[in-house]
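Structure file protein-v3.cif (mmCIF, C-alpha atoms) follows.
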data_final
#
loop_
_atom_site.label_atom_id
_atom_site.label_comp_id
_atom_site.auth_asym_id
_atom_site.auth_seq_id
_atom_site.Cartn_x
_atom_site.Cartn_y
_atom_site.Cartn_z
CA MET A 175 36.14 37.35 -0.38
CA LEU A 176 35.17 35.43 2.70
CA SER A 177 36.74 36.12 6.05
CA GLY A 178 37.13 32.39 6.73
CA PRO A 179 36.60 29.01 5.12
CA PRO A 180 33.44 28.47 3.07
CA LEU A 181 30.46 26.93 4.87
CA PRO A 182 27.55 24.95 3.41
CA LEU A 183 24.09 26.44 3.07
CA PRO A 184 21.43 25.15 5.48
CA HIS A 185 19.36 22.23 4.18
CA ASP A 186 16.13 24.21 4.49
CA ILE A 187 17.10 27.10 2.19
CA PRO A 188 14.17 27.85 -0.16
CA ILE A 189 14.74 26.78 -3.79
CA HIS A 190 13.31 30.08 -5.07
CA GLN A 191 16.06 31.90 -3.17
CA LEU A 192 18.71 29.80 -4.94
CA LEU A 193 17.08 30.26 -8.35
CA ALA A 194 17.31 34.02 -7.85
CA TYR A 195 21.12 33.61 -7.88
CA ALA A 196 21.00 31.37 -10.98
CA ARG A 197 19.97 34.07 -13.44
CA GLN A 198 23.47 34.56 -14.85
CA PRO A 199 24.69 32.33 -17.69
CA GLY A 200 26.32 29.06 -16.71
CA ILE A 201 25.57 26.63 -13.92
CA LEU A 202 25.20 27.72 -10.32
CA GLY A 203 26.20 25.16 -7.72
CA ALA A 204 24.60 25.25 -4.28
CA TRP A 205 26.59 23.57 -1.51
CA VAL A 206 23.87 22.39 0.85
CA ARG A 207 24.47 20.65 4.17
CA GLY A 208 22.54 17.46 4.67
CA SER A 209 21.75 16.78 1.00
CA VAL A 210 21.66 13.09 0.31
CA ARG A 211 21.86 13.33 -3.48
CA THR A 212 22.94 15.84 -6.06
CA LEU A 213 19.97 17.53 -7.70
CA HIS A 214 20.15 19.27 -11.08
CA LEU A 215 17.36 21.79 -11.67
CA TYR A 216 16.69 23.52 -14.95
CA GLU A 217 14.06 26.21 -15.24
CA SER A 218 13.13 28.15 -18.35
CA ALA A 219 10.67 30.98 -18.00
CA SER A 220 10.07 33.78 -20.47
CA GLY A 221 13.19 32.97 -22.46
CA ALA A 222 15.55 32.93 -19.48
CA SER A 223 17.08 29.68 -18.32
CA HIS A 224 18.35 28.98 -14.84
CA ARG A 225 20.61 26.00 -14.22
CA LEU A 226 21.17 24.96 -10.63
CA LEU A 227 23.12 21.99 -9.26
CA ILE A 228 22.49 21.29 -5.56
CA GLY A 229 24.66 18.88 -3.62
CA PRO A 230 26.58 18.04 -0.45
CA ASP A 231 30.04 17.69 -2.07
CA LEU A 232 31.77 21.03 -2.62
CA GLY A 233 34.55 19.44 -4.70
CA HIS A 234 31.98 17.91 -7.06
CA LEU A 235 30.24 21.27 -7.47
CA LEU A 236 33.51 23.14 -8.06
CA GLY A 237 34.34 20.80 -10.94
CA ARG A 238 31.00 21.31 -12.67
CA CYS A 239 29.77 24.82 -11.92
CA ASP A 240 30.77 28.35 -12.88
CA ARG A 241 29.66 29.84 -9.57
CA VAL A 242 28.89 28.35 -6.16
CA ALA A 243 26.41 29.49 -3.52
CA LEU A 244 27.65 28.89 0.00
CA ARG A 245 27.46 30.61 3.35
CA GLN A 246 29.42 33.28 5.16
CA GLY A 247 28.16 33.42 8.72
CA THR A 248 24.40 33.24 8.34
CA ARG A 249 24.05 34.77 4.88
CA PRO A 250 24.35 33.07 1.49
CA VAL A 251 26.99 34.36 -0.92
CA VAL A 252 27.75 33.43 -4.52
CA LEU A 253 31.38 33.21 -5.63
CA ASP A 254 33.17 32.18 -8.80
CA ALA A 255 34.16 28.53 -8.55
CA GLU A 256 37.75 29.46 -9.47
CA ALA A 257 37.98 31.76 -6.43
CA VAL A 258 36.93 28.93 -4.11
CA ILE A 259 39.32 26.49 -5.81
CA ARG A 260 42.22 28.84 -5.05
CA TRP A 261 41.50 28.34 -1.31
CA ARG A 262 41.95 24.56 -1.47
CA VAL A 263 44.75 23.32 0.76
CA LEU A 264 45.84 19.74 1.30
CA GLN A 265 46.58 19.07 4.94
CA VAL A 266 49.04 16.18 5.19
CA VAL A 267 49.38 14.45 8.55
CA THR A 268 52.76 12.78 8.93
CA ALA A 269 54.67 10.90 11.56
CA THR A 270 56.49 13.94 12.98
CA PRO A 271 59.96 12.41 13.34
CA HIS A 272 59.86 11.66 9.61
CA LEU A 273 58.99 15.20 8.51
CA PRO A 274 61.80 16.78 6.47
CA SER A 275 63.30 20.12 7.49
CA LEU A 276 61.40 23.26 6.51
CA GLU A 277 64.03 24.07 3.86
CA ARG A 278 63.71 20.61 2.31
CA LEU A 279 59.92 20.77 2.51
CA HIS A 280 59.98 24.08 0.59
CA GLU A 281 62.22 22.50 -2.06
CA ILE A 282 59.67 19.72 -2.53
CA PHE A 283 56.52 21.84 -2.08
CA PRO A 284 57.14 25.58 -2.54
CA GLY A 285 54.90 27.54 -0.19
CA ALA A 286 54.19 24.60 2.13
CA GLN A 287 53.45 25.51 5.74
CA LEU A 288 54.10 23.40 8.80
CA ASP A 289 51.25 22.78 11.20
CA GLY A 290 50.95 20.81 14.43
CA SER A 291 50.51 17.44 12.73
CA GLY A 292 52.44 17.78 9.49
CA PHE A 293 52.14 20.36 6.74
CA GLN A 294 49.74 22.09 4.37
CA VAL A 295 50.16 22.61 0.63
CA ALA A 296 48.03 24.87 -1.57
CA ILE A 297 46.61 22.77 -4.39
CA SER A 298 44.94 25.41 -6.54
CA SER A 299 47.09 24.51 -9.54
CA GLY A 300 47.60 20.81 -8.85
CA THR A 301 45.90 17.78 -7.43
CA PRO A 302 46.00 16.14 -4.02
CA GLU A 303 47.12 12.93 -5.72
CA HIS A 304 50.20 14.70 -7.11
CA VAL A 305 51.17 15.94 -3.64
CA LEU A 306 50.67 12.51 -2.09
CA ALA A 307 52.64 10.81 -4.88
CA GLU A 308 55.50 13.25 -4.29
CA CYS A 309 55.40 12.41 -0.57
CA LEU A 310 55.77 8.74 -1.47
CA THR A 311 58.63 9.50 -3.86
CA GLN A 312 60.42 11.62 -1.23
CA GLY A 313 59.95 9.04 1.54
CA ILE A 314 57.58 11.19 3.61
CA PRO A 315 55.20 8.81 5.42
CA VAL A 316 51.61 10.06 5.26
CA ARG A 317 49.22 8.97 8.00
CA GLU A 318 46.22 10.81 6.58
CA SER A 319 45.28 13.77 4.42
CA ARG A 320 42.29 15.99 3.91
CA ILE A 321 41.31 18.99 1.85
CA ILE A 322 40.61 22.09 3.89
CA TYR A 323 39.65 25.54 2.73
CA GLY A 324 41.24 28.68 3.99
CA ALA A 325 40.90 32.23 2.68
CA ARG A 326 44.05 32.83 0.69
CA SER A 327 44.96 35.69 -1.57
#
Produce structure tokens that represent the structure in this file.
Amino acid sequence: MLSGPPLPLPHDIPIHQLLAYARQPGILGAWVRGSVRTLHLYESASGASHRLLIGPDLGHLLGRCDRVALRQGTRPVVLDAEAVIRWRVLQVVTATPHLPSLERLHEIFPGAQLDGSGFQVAISSGTPEHVLAECLTQGIPVRESRIIYGARS
């Protein structure tokens, strides 16, 4: 597990270093800062195939890869995509006077946590769209939202 949120790999990481992580079956995603496009590499040498998807969008990689290479501090790490997905949290920024009480918020979104600008909801088993639709249904005005990643158990 990471001690904080996942970070992208530097844009100048050598491809051969990433291919070394891609020796297991399935597709390895590499979250690389500064990539302009998503790049799909496929290498087959001596009967072994290595599939690598490199891109700047972590959400895109999580939906298509079995494992994802990212960074903890200065070193690259490879994690199961499902483990990273479990860290996804939707941060909902509301107009504070319109935020329901904590008890009501927990009825609507079990496990939600208040923060300085609204609340956060873990979305490992749902979608951000579902949370935002529920806000609309419940009359909670949303000013903005974003997905953040935080190490969660």
Using the chain letters and numbers from this file, what does the PyMOL selection byres ((chain A and resi 266-271) around 10) select? Give the answer as an MDAnalysis selection string. chainID A and resid 263:265 272:274 288:295 302 305:306 309 314:321
In Å and to one decimal, CA of Gly233 in chain A is distant from CA of Tyr195 in chain A by 19.8 Å
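Distances to Ile282 in chain A were evaluated for A:Leu226, A:Ile322, A:Val251, A:Ala307 using only C-alpha atoms, and the minimum falls at A:Ala307.
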As a check of understanding: the span from CA of Leu183 in chain A to CA of Arg241 in chain A is 14.2 Å
TODO: Please work out which residues fall within 10 Å of (42.7, 28.4, 3.2), coordinates as given in the file, with all atoms listed in the file counting, and return them as a ChimeraX atom specification.
DONE: /A:178-180,258-264,294-296,321-327
Export C-alpha atoms of the chosen residues as a tab-separated table (two decimals), in the frame of the given file?
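In the end it all went to result.tsv:
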chain	number	residue	atom	x	y	z
A	178	GLY	CA	37.13	32.39	6.73
A	179	PRO	CA	36.60	29.01	5.12
A	180	PRO	CA	33.44	28.47	3.07
A	258	VAL	CA	36.93	28.93	-4.11
A	259	ILE	CA	39.32	26.49	-5.81
A	260	ARG	CA	42.22	28.84	-5.05
A	261	TRP	CA	41.50	28.34	-1.31
A	262	ARG	CA	41.95	24.56	-1.47
A	263	VAL	CA	44.75	23.32	0.76
A	264	LEU	CA	45.84	19.74	1.30
A	294	GLN	CA	49.74	22.09	4.37
A	295	VAL	CA	50.16	22.61	0.63
A	296	ALA	CA	48.03	24.87	-1.57
A	321	ILE	CA	41.31	18.99	1.85
A	322	ILE	CA	40.61	22.09	3.89
A	323	TYR	CA	39.65	25.54	2.73
A	324	GLY	CA	41.24	28.68	3.99
A	325	ALA	CA	40.90	32.23	2.68
A	326	ARG	CA	44.05	32.83	0.69
A	327	SER	CA	44.96	35.69	-1.57
